[in-house]
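Engineer: input17.cif is reproduced below (mmCIF, C-alpha atoms).
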```
data_target
#
loop_
_atom_site.group_PDB
_atom_site.id
_atom_site.type_symbol
_atom_site.label_atom_id
_atom_site.label_comp_id
_atom_site.auth_asym_id
_atom_site.auth_seq_id
_atom_site.Cartn_x
_atom_site.Cartn_y
_atom_site.Cartn_z
ATOM 1 C CA MET A 1 48.328 17.307 10.439
ATOM 2 C CA PHE A 2 47.146 15.650 13.632
ATOM 3 C CA SER A 3 44.763 17.775 15.691
ATOM 4 C CA LYS A 4 41.905 17.675 18.168
ATOM 5 C CA THR A 5 39.510 17.903 15.254
ATOM 6 C CA LEU A 6 40.959 14.734 13.749
ATOM 7 C CA ILE A 7 40.568 12.909 17.065
ATOM 8 C CA GLU A 8 36.952 14.036 17.320
ATOM 9 C CA GLN A 9 36.220 13.055 13.714
ATOM 10 C CA PHE A 10 37.748 9.605 14.211
ATOM 11 C CA TYR A 11 35.759 8.840 17.361
ATOM 12 C CA ASN A 12 32.543 10.339 15.972
ATOM 13 C CA ALA A 13 32.964 8.114 12.918
ATOM 14 C CA GLN A 14 33.573 5.167 15.239
ATOM 15 C CA LYS A 15 30.356 5.995 17.101
ATOM 16 C CA GLN A 16 28.361 6.222 13.844
ATOM 17 C CA ASN A 17 29.906 2.973 12.653
ATOM 18 C CA GLY A 18 28.961 1.325 15.938
ATOM 19 C CA LEU A 19 25.389 2.541 15.571
ATOM 20 C CA LEU A 20 25.193 1.205 12.010
ATOM 21 C CA LEU A 21 26.683 -2.121 13.061
ATOM 22 C CA LEU A 22 24.230 -2.331 15.960
ATOM 23 C CA GLY A 23 21.342 -1.579 13.603
ATOM 24 C CA ALA A 24 22.537 -4.133 11.051
ATOM 25 C CA GLY A 25 22.867 -6.783 13.749
ATOM 26 C CA LEU A 26 19.391 -6.112 15.100
ATOM 27 C CA LEU A 27 17.990 -6.132 11.556
ATOM 28 C CA CYS A 28 19.593 -9.533 10.931
ATOM 29 C CA CYS A 29 18.047 -10.895 14.128
ATOM 30 C CA LEU A 30 14.653 -9.442 13.209
ATOM 31 C CA LEU A 31 14.850 -10.932 9.704
ATOM 32 C CA ALA A 32 15.730 -14.301 11.215
ATOM 33 C CA LEU A 33 12.634 -14.185 13.407
ATOM 34 C CA VAL A 34 10.433 -13.166 10.463
ATOM 35 C CA PHE A 35 11.895 -15.934 8.279
ATOM 36 C CA GLN A 36 11.427 -18.517 11.024
ATOM 37 C CA TYR A 37 7.900 -17.695 12.161
ATOM 38 C CA ALA A 38 6.128 -15.670 9.485
ATOM 39 C CA LEU A 39 7.477 -16.981 6.173
ATOM 40 C CA LYS A 40 7.425 -20.748 6.295
ATOM 41 C CA ARG A 41 9.685 -21.678 3.383
ATOM 42 C CA ASN A 42 12.621 -24.047 3.770
ATOM 43 C CA PHE A 43 14.943 -21.744 1.833
ATOM 44 C CA LEU A 44 14.245 -18.850 4.205
ATOM 45 C CA LYS A 45 14.360 -21.099 7.277
ATOM 46 C CA GLY A 46 17.855 -22.107 6.151
ATOM 47 C CA MET A 47 18.894 -18.482 6.414
ATOM 48 C CA VAL A 48 17.826 -18.249 10.069
ATOM 49 C CA PRO A 49 20.927 -19.715 11.834
ATOM 50 C CA PRO A 50 23.495 -17.535 9.994
ATOM 51 C CA LEU A 51 21.305 -14.464 10.413
ATOM 52 C CA LEU A 52 20.939 -15.029 14.154
ATOM 53 C CA ILE A 53 24.586 -15.867 14.796
ATOM 54 C CA LEU A 54 26.114 -13.113 12.679
ATOM 55 C CA GLY A 55 23.435 -10.670 13.829
ATOM 56 C CA ALA A 56 24.407 -11.312 17.444
ATOM 57 C CA LEU A 57 28.094 -11.055 16.527
ATOM 58 C CA MET A 58 27.453 -7.666 14.889
ATOM 59 C CA THR A 59 25.246 -6.334 17.677
ATOM 60 C CA LEU A 60 27.728 -6.684 20.539
ATOM 61 C CA PRO A 61 30.702 -4.828 18.988
ATOM 62 C CA GLY A 62 28.337 -2.259 17.526
ATOM 63 C CA TYR A 63 26.900 -1.532 20.955
ATOM 64 C CA LEU A 64 30.352 -1.388 22.575
ATOM 65 C CA ASP A 65 31.714 0.968 19.901
ATOM 66 C CA TYR A 66 28.672 3.198 20.243
ATOM 67 C CA LYS A 67 28.820 3.205 24.041
ATOM 68 C CA ASN A 68 32.578 3.746 24.490
ATOM 69 C CA SER A 69 33.447 6.145 21.681
ATOM 70 C CA ASP A 70 32.265 9.328 23.434
ATOM 71 C CA GLN A 71 34.336 8.692 26.549
ATOM 72 C CA LEU A 72 37.369 7.748 24.453
ATOM 73 C CA ARG A 73 36.963 10.922 22.390
ATOM 74 C CA ILE A 74 36.793 13.105 25.492
ATOM 75 C CA ASP A 75 39.805 11.386 27.093
ATOM 76 C CA ARG A 76 41.912 11.633 23.931
ATOM 77 C CA VAL A 77 41.102 15.305 23.280
ATOM 78 C CA TYR A 78 41.918 16.138 26.901
ATOM 79 C CA SER A 79 45.197 14.215 26.645
ATOM 80 C CA PHE A 80 46.061 16.029 23.426
ATOM 81 C CA ASP A 81 46.045 19.364 25.280
ATOM 82 C CA MET A 82 47.190 18.413 28.754
ATOM 83 C CA TYR A 83 49.254 15.210 28.452
ATOM 84 C CA PRO A 84 50.561 14.702 24.896
ATOM 85 C CA ASN A 85 52.979 11.979 26.043
ATOM 86 C CA LYS A 86 50.075 10.034 27.522
ATOM 87 C CA LEU A 87 48.304 10.316 24.185
ATOM 88 C CA ARG A 88 51.374 8.964 22.379
ATOM 89 C CA THR A 89 51.807 6.062 24.790
ATOM 90 C CA GLU A 90 48.129 5.072 24.974
ATOM 91 C CA GLU A 91 46.541 5.965 21.649
ATOM 92 C CA VAL A 92 49.054 4.329 19.300
ATOM 93 C CA PRO A 93 48.930 0.919 21.064
ATOM 94 C CA PHE A 94 45.129 1.198 21.300
ATOM 95 C CA ILE A 95 44.763 1.831 17.567
ATOM 96 C CA ARG A 96 47.303 -0.894 16.743
ATOM 97 C CA GLY A 97 45.241 -3.285 18.882
ATOM 98 C CA MET A 98 42.101 -2.280 16.993
ATOM 99 C CA ILE A 99 43.884 -2.848 13.674
ATOM 100 C CA ASP A 100 45.118 -6.279 14.792
ATOM 101 C CA GLN A 101 41.605 -7.178 15.901
ATOM 102 C CA ARG A 102 40.100 -6.040 12.583
ATOM 103 C CA GLN A 103 42.706 -8.025 10.645
ATOM 104 C CA TYR A 104 41.834 -11.123 12.666
ATOM 105 C CA VAL A 105 38.124 -10.635 11.968
ATOM 106 C CA MET A 106 38.929 -10.055 8.294
ATOM 107 C CA VAL A 107 40.772 -13.387 8.069
ATOM 108 C CA MET A 108 37.856 -15.120 9.816
ATOM 109 C CA MET A 109 35.383 -13.594 7.343
ATOM 110 C CA ILE A 110 37.518 -14.638 4.362
ATOM 111 C CA VAL A 111 37.645 -18.211 5.682
ATOM 112 C CA LEU A 112 33.901 -18.129 6.379
ATOM 113 C CA ALA A 113 33.134 -16.760 2.906
ATOM 114 C CA ALA A 114 35.335 -19.383 1.237
ATOM 115 C CA GLY A 115 33.790 -22.176 3.299
ATOM 116 C CA SER A 116 30.262 -21.035 2.595
ATOM 117 C CA LEU A 117 31.017 -20.751 -1.125
ATOM 118 C CA ILE A 118 32.295 -24.326 -1.129
ATOM 119 C CA LEU A 119 29.167 -25.433 0.757
ATOM 120 C CA LEU A 120 26.940 -23.537 -1.657
ATOM 121 C CA ILE A 121 28.545 -25.187 -4.685
ATOM 122 C CA TYR A 122 28.415 -28.591 -3.000
ATOM 123 C CA PHE A 123 24.733 -28.250 -2.106
ATOM 124 C CA LEU A 124 23.887 -27.108 -5.627
ATOM 125 C CA MET A 125 25.690 -30.051 -7.213
ATOM 126 C CA THR A 126 24.623 -32.884 -4.927
ATOM 127 C CA ASN A 127 21.080 -32.170 -3.867
ATOM 128 C CA ARG A 128 18.569 -29.414 -4.194
ATOM 129 C CA GLU A 129 17.569 -29.253 -0.554
ATOM 130 C CA THR A 130 16.555 -25.659 -0.187
ATOM 131 C CA TYR A 131 17.212 -25.425 3.569
ATOM 132 C CA ARG A 132 20.920 -26.102 3.134
ATOM 133 C CA TYR A 133 21.082 -23.887 0.057
ATOM 134 C CA GLY A 134 19.536 -20.999 2.027
ATOM 135 C CA PHE A 135 21.960 -21.614 4.901
ATOM 136 C CA ALA A 136 25.029 -21.496 2.645
ATOM 137 C CA LEU A 137 23.778 -18.500 0.655
ATOM 138 C CA ALA A 138 23.011 -16.456 3.797
ATOM 139 C CA LEU A 139 26.399 -17.346 5.235
ATOM 140 C CA LEU A 140 28.141 -16.261 2.032
ATOM 141 C CA LEU A 141 26.239 -12.974 1.753
ATOM 142 C CA LEU A 142 26.682 -12.024 5.395
ATOM 143 C CA SER A 143 30.364 -12.904 5.503
ATOM 144 C CA GLY A 144 30.915 -10.869 2.325
ATOM 145 C CA LEU A 145 29.083 -7.919 3.850
ATOM 146 C CA MET A 146 31.089 -8.157 7.066
ATOM 147 C CA LEU A 147 34.314 -8.438 5.065
ATOM 148 C CA LEU A 148 33.506 -5.196 3.272
ATOM 149 C CA TRP A 149 32.580 -3.498 6.543
ATOM 150 C CA VAL A 150 35.767 -4.608 8.316
ATOM 151 C CA ASN A 151 37.895 -3.546 5.358
ATOM 152 C CA LEU A 152 36.443 -0.029 5.487
ATOM 153 C CA ASP A 153 37.075 0.145 9.245
ATOM 154 C CA LEU A 154 40.611 -1.110 8.789
ATOM 155 C CA THR A 155 41.381 1.532 6.169
ATOM 156 C CA ARG A 156 40.056 4.319 8.417
ATOM 157 C CA GLU A 157 42.063 3.077 11.393
ATOM 158 C CA LYS A 158 45.293 2.739 9.389
ATOM 159 C CA ASN A 159 44.950 6.307 8.112
ATOM 160 C CA TYR A 160 44.416 7.542 11.661
ATOM 161 C CA LEU A 161 47.455 5.560 12.869
ATOM 162 C CA ASN A 162 49.615 7.057 10.110
ATOM 163 C CA LEU A 163 48.590 10.554 11.184
ATOM 164 C CA LEU A 164 49.283 9.662 14.815
ATOM 165 C CA ASN A 165 52.747 8.393 13.897
ATOM 166 C CA GLN A 166 53.527 11.529 11.895
ATOM 167 C CA TRP A 167 52.437 13.673 14.838
ATOM 168 C CA GLY A 168 54.642 11.611 17.161
ATOM 169 C CA ILE A 169 57.636 12.096 14.865
ATOM 170 C CA PHE A 170 57.130 15.863 14.688
ATOM 171 C CA HIS A 171 56.618 16.232 18.439
ATOM 172 C CA GLY A 172 59.644 14.405 19.735
ATOM 173 C CA ASN A 173 58.452 10.826 20.006
#
```
Please lay out the structure from this file as structure tokens.
Structural biologist:
Amino acid sequence: MFSKTLIEQFYNAQKQNGLLLLGAGLLCCLLALVFQYALKRNFLKGMVPPLLILGALMTLPGYLDYKNSDQLRIDRVYSFDMYPNKLRTEEVPFIRGMIDQRQYVMVMMIVLAAGSLILLIYFLMTNRETYRYGFALALLLLSGLMLLWVNLDLTREKNYLNLLNQWGIFHGN
């Protein structure tokens, strides 16, 4: 059953997820700086570019999710009581857009993981240069982690959309 509590739980979970994503992104950037300047090994220096790039890519959406989720929660709960048609016309397309975006990111992470696995195997077979090996390994691990994260988000959003659709069916949409 769709309710105000469900809306609040969804957006509170989105806020927590944004905070975790922000923290993970900042941790990746911090690790990159430590690997670059404190630990002077080629293997760890190879991990720096993927850590910085993916850390920055995790930090921005994490911050935006954290920042916007409270206002979205308040707007949606208010619309649930006062303007249920507005909720039906705005929330369903919004969640569908989020799902489409997550699916796009998921495809990108699958391609990135496959490419980094191919690079990792290639670098292991041809030469033992540790910088390139560290680069490919960090890229593979981070893309796998992001793939798992996006999959969990996608599942949560699809469940919420199903409940929204059921509510729309029962309330004349």
Engineer: Could you list, as a PDB file with C-alpha atoms, in the frame of the given file, every residue within 9 Å of A:Ile7, counting only C-alpha atoms and ignoring same-chain residues fewer than 3 positions away?
Structural biologist:
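Saved to selection-v8.pdb:
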```pdb
ATOM      1  CA  PHE A   2      47.146  15.650  13.632  1.00  0.00           C
ATOM      2  CA  SER A   3      44.763  17.775  15.691  1.00  0.00           C
ATOM      3  CA  LYS A   4      41.905  17.675  18.168  1.00  0.00           C
ATOM      4  CA  PHE A  10      37.748   9.605  14.211  1.00  0.00           C
ATOM      5  CA  TYR A  11      35.759   8.840  17.361  1.00  0.00           C
ATOM      6  CA  ASN A  12      32.543  10.339  15.972  1.00  0.00           C
ATOM      7  CA  ARG A  73      36.963  10.922  22.390  1.00  0.00           C
ATOM      8  CA  ARG A  76      41.912  11.633  23.931  1.00  0.00           C
ATOM      9  CA  VAL A  77      41.102  15.305  23.280  1.00  0.00           C
ATOM     10  CA  PHE A  80      46.061  16.029  23.426  1.00  0.00           C
ATOM     11  CA  TYR A 160      44.416   7.542  11.661  1.00  0.00           C
TER      12      TYR A 160
END
```
Engineer: Hey, what comes out of the PyMOL selection byres ((chain A and resi 152) around 12) on this file? Could you write it as a list in words?
Structural biologist: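 Output from the PyMOL selection byres ((chain A and resi 152) around 12), applied to this file: Ala13, Gln14, Asn17, Ile99, Arg102, Gln103, Met106, Leu145, Met146, Leu147, Leu148, Trp149, Val150, Asn151, Asp153, Leu154, Thr155, Arg156, Glu157, Lys158 and Asn159 of chain A.
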Engineer: Give me a file of those residues, with C-alpha atoms, as a compact mmCIF listing (two decimals), in the coordinates of the input.
Structural biologist:
```txt
# COMPACT_ATOMS: atom_id res chain seq x y z
CA ALA A 13 32.96 8.11 12.92
CA GLN A 14 33.57 5.17 15.24
CA ASN A 17 29.91 2.97 12.65
CA ILE A 99 43.88 -2.85 13.67
CA ARG A 102 40.10 -6.04 12.58
CA GLN A 103 42.71 -8.02 10.64
CA MET A 106 38.93 -10.06 8.29
CA LEU A 145 29.08 -7.92 3.85
CA MET A 146 31.09 -8.16 7.07
CA LEU A 147 34.31 -8.44 5.07
CA LEU A 148 33.51 -5.20 3.27
CA TRP A 149 32.58 -3.50 6.54
CA VAL A 150 35.77 -4.61 8.32
CA ASN A 151 37.90 -3.55 5.36
CA ASP A 153 37.08 0.14 9.24
CA LEU A 154 40.61 -1.11 8.79
CA THR A 155 41.38 1.53 6.17
CA ARG A 156 40.06 4.32 8.42
CA GLU A 157 42.06 3.08 11.39
CA LYS A 158 45.29 2.74 9.39
CA ASN A 159 44.95 6.31 8.11
```
Engineer: Just say which residues the PyMOL selection byres ((chain A and resi 28) around 12) picks in this file, as a PyMOL selection string.
Structural biologist: chain A and resi 21-27+29-35+47-59+138-139+141-142+145
Engineer: Using the chain letters and residue numbers of this document, give as a ChimeraX atom specification the residues selected by the PyMOL selection byres ((chain A and resi 65) around 9).
Structural biologist: /A:14-19,60-64,66-69
Engineer: With distances taken over all atoms listed in the file, which of A:Asp70, A:Leu39, A:Ile110, A:Leu6 is nearest to A:Leu161?
Structural biologist: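 Among the listed residues, A:Leu6 lies closest to A:Leu161.
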Engineer: What does the distance from atom CA of A:Ala136 to atom CA of A:Ala38 come to in Å, to one decimal?
Structural biologist: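 Value for the atom CA of A:Ala136-atom CA of A:Ala38 distance: 20.9 Å.
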Engineer: Using all atoms listed in the file, which residue out of A:Ser143, A:Thr130, A:Gly97, A:Asn85 lies closest to A:Ser116?
Structural biologist: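 Nearest candidate to A:Ser116 out of A:Ser143, A:Thr130, A:Gly97, A:Asn85: A:Ser143.
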Engineer: Atom CA of A:Gly134 and atom CA of A:Asn42, how far apart in Å?
Structural biologist: 7.8 Å
Engineer: Using all atoms listed in the file, find the one residue out of A:Asp75, A:Leu140, A:Ile95, A:Asn162 that sits nearest to A:Leu112.
Structural biologist: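 Checking each candidate against A:Leu112, we get A:Leu140 as the closest.
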Engineer: Enter the distance from atom CA of A:Leu124 to atom CA of A:Tyr37, in Å, rounded to one decimal.
Structural biologist: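 Between atom CA of A:Leu124 and atom CA of A:Tyr37 the gap works out to 25.7 Å.
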Engineer: Kindly output stretch 96-111 of chain A as a JSON list (two decimals), in the coordinates of the input, after building N, CA and C atoms.
Structural biologist:
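Done, and the output landed in result20.json:
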```json
[["chain", "number", "residue", "atom", "x", "y", "z"],
["A", 96, "ARG", "N", 46.65, 0.32, 17.28],
["A", 96, "ARG", "CA", 47.30, -0.89, 16.74],
["A", 96, "ARG", "C", 46.54, -2.15, 17.17],
["A", 97, "GLY", "N", 46.05, -2.16, 18.41],
["A", 97, "GLY", "CA", 45.24, -3.28, 18.88],
["A", 97, "GLY", "C", 43.95, -3.41, 18.10],
["A", 98, "MET", "N", 43.32, -2.26, 17.80],
["A", 98, "MET", "CA", 42.10, -2.28, 16.99],
["A", 98, "MET", "C", 42.39, -2.81, 15.60],
["A", 99, "ILE", "N", 43.52, -2.38, 15.02],
["A", 99, "ILE", "CA", 43.88, -2.85, 13.67],
["A", 99, "ILE", "C", 44.14, -4.35, 13.68],
["A", 100, "ASP", "N", 44.87, -4.84, 14.69],
["A", 100, "ASP", "CA", 45.12, -6.28, 14.79],
["A", 100, "ASP", "C", 43.81, -7.05, 14.93],
["A", 101, "GLN", "N", 42.90, -6.52, 15.72],
["A", 101, "GLN", "CA", 41.60, -7.18, 15.90],
["A", 101, "GLN", "C", 40.82, -7.21, 14.59],
["A", 102, "ARG", "N", 40.81, -6.10, 13.87],
["A", 102, "ARG", "CA", 40.10, -6.04, 12.58],
["A", 102, "ARG", "C", 40.73, -7.00, 11.57],
["A", 103, "GLN", "N", 42.05, -7.10, 11.57],
["A", 103, "GLN", "CA", 42.71, -8.02, 10.64],
["A", 103, "GLN", "C", 42.35, -9.47, 10.97],
["A", 104, "TYR", "N", 42.25, -9.79, 12.25],
["A", 104, "TYR", "CA", 41.83, -11.12, 12.67],
["A", 104, "TYR", "C", 40.41, -11.42, 12.21],
["A", 105, "VAL", "N", 39.52, -10.47, 12.40],
["A", 105, "VAL", "CA", 38.12, -10.64, 11.97],
["A", 105, "VAL", "C", 38.06, -10.75, 10.45],
["A", 106, "MET", "N", 38.90, -10.00, 9.75],
["A", 106, "MET", "CA", 38.93, -10.06, 8.29],
["A", 106, "MET", "C", 39.34, -11.45, 7.80],
["A", 107, "VAL", "N", 40.34, -12.03, 8.43],
["A", 107, "VAL", "CA", 40.77, -13.39, 8.07],
["A", 107, "VAL", "C", 39.65, -14.38, 8.35],
["A", 108, "MET", "N", 38.98, -14.22, 9.49],
["A", 108, "MET", "CA", 37.86, -15.12, 9.82],
["A", 108, "MET", "C", 36.75, -15.01, 8.77],
["A", 109, "MET", "N", 36.45, -13.79, 8.33],
["A", 109, "MET", "CA", 35.38, -13.59, 7.34],
["A", 109, "MET", "C", 35.78, -14.14, 5.98],
["A", 110, "ILE", "N", 37.05, -14.05, 5.63],
["A", 110, "ILE", "CA", 37.52, -14.64, 4.36],
["A", 110, "ILE", "C", 37.37, -16.16, 4.42],
["A", 111, "VAL", "N", 37.78, -16.76, 5.53],
["A", 111, "VAL", "CA", 37.65, -18.21, 5.68],
["A", 111, "VAL", "C", 36.18, -18.62, 5.67]]
```
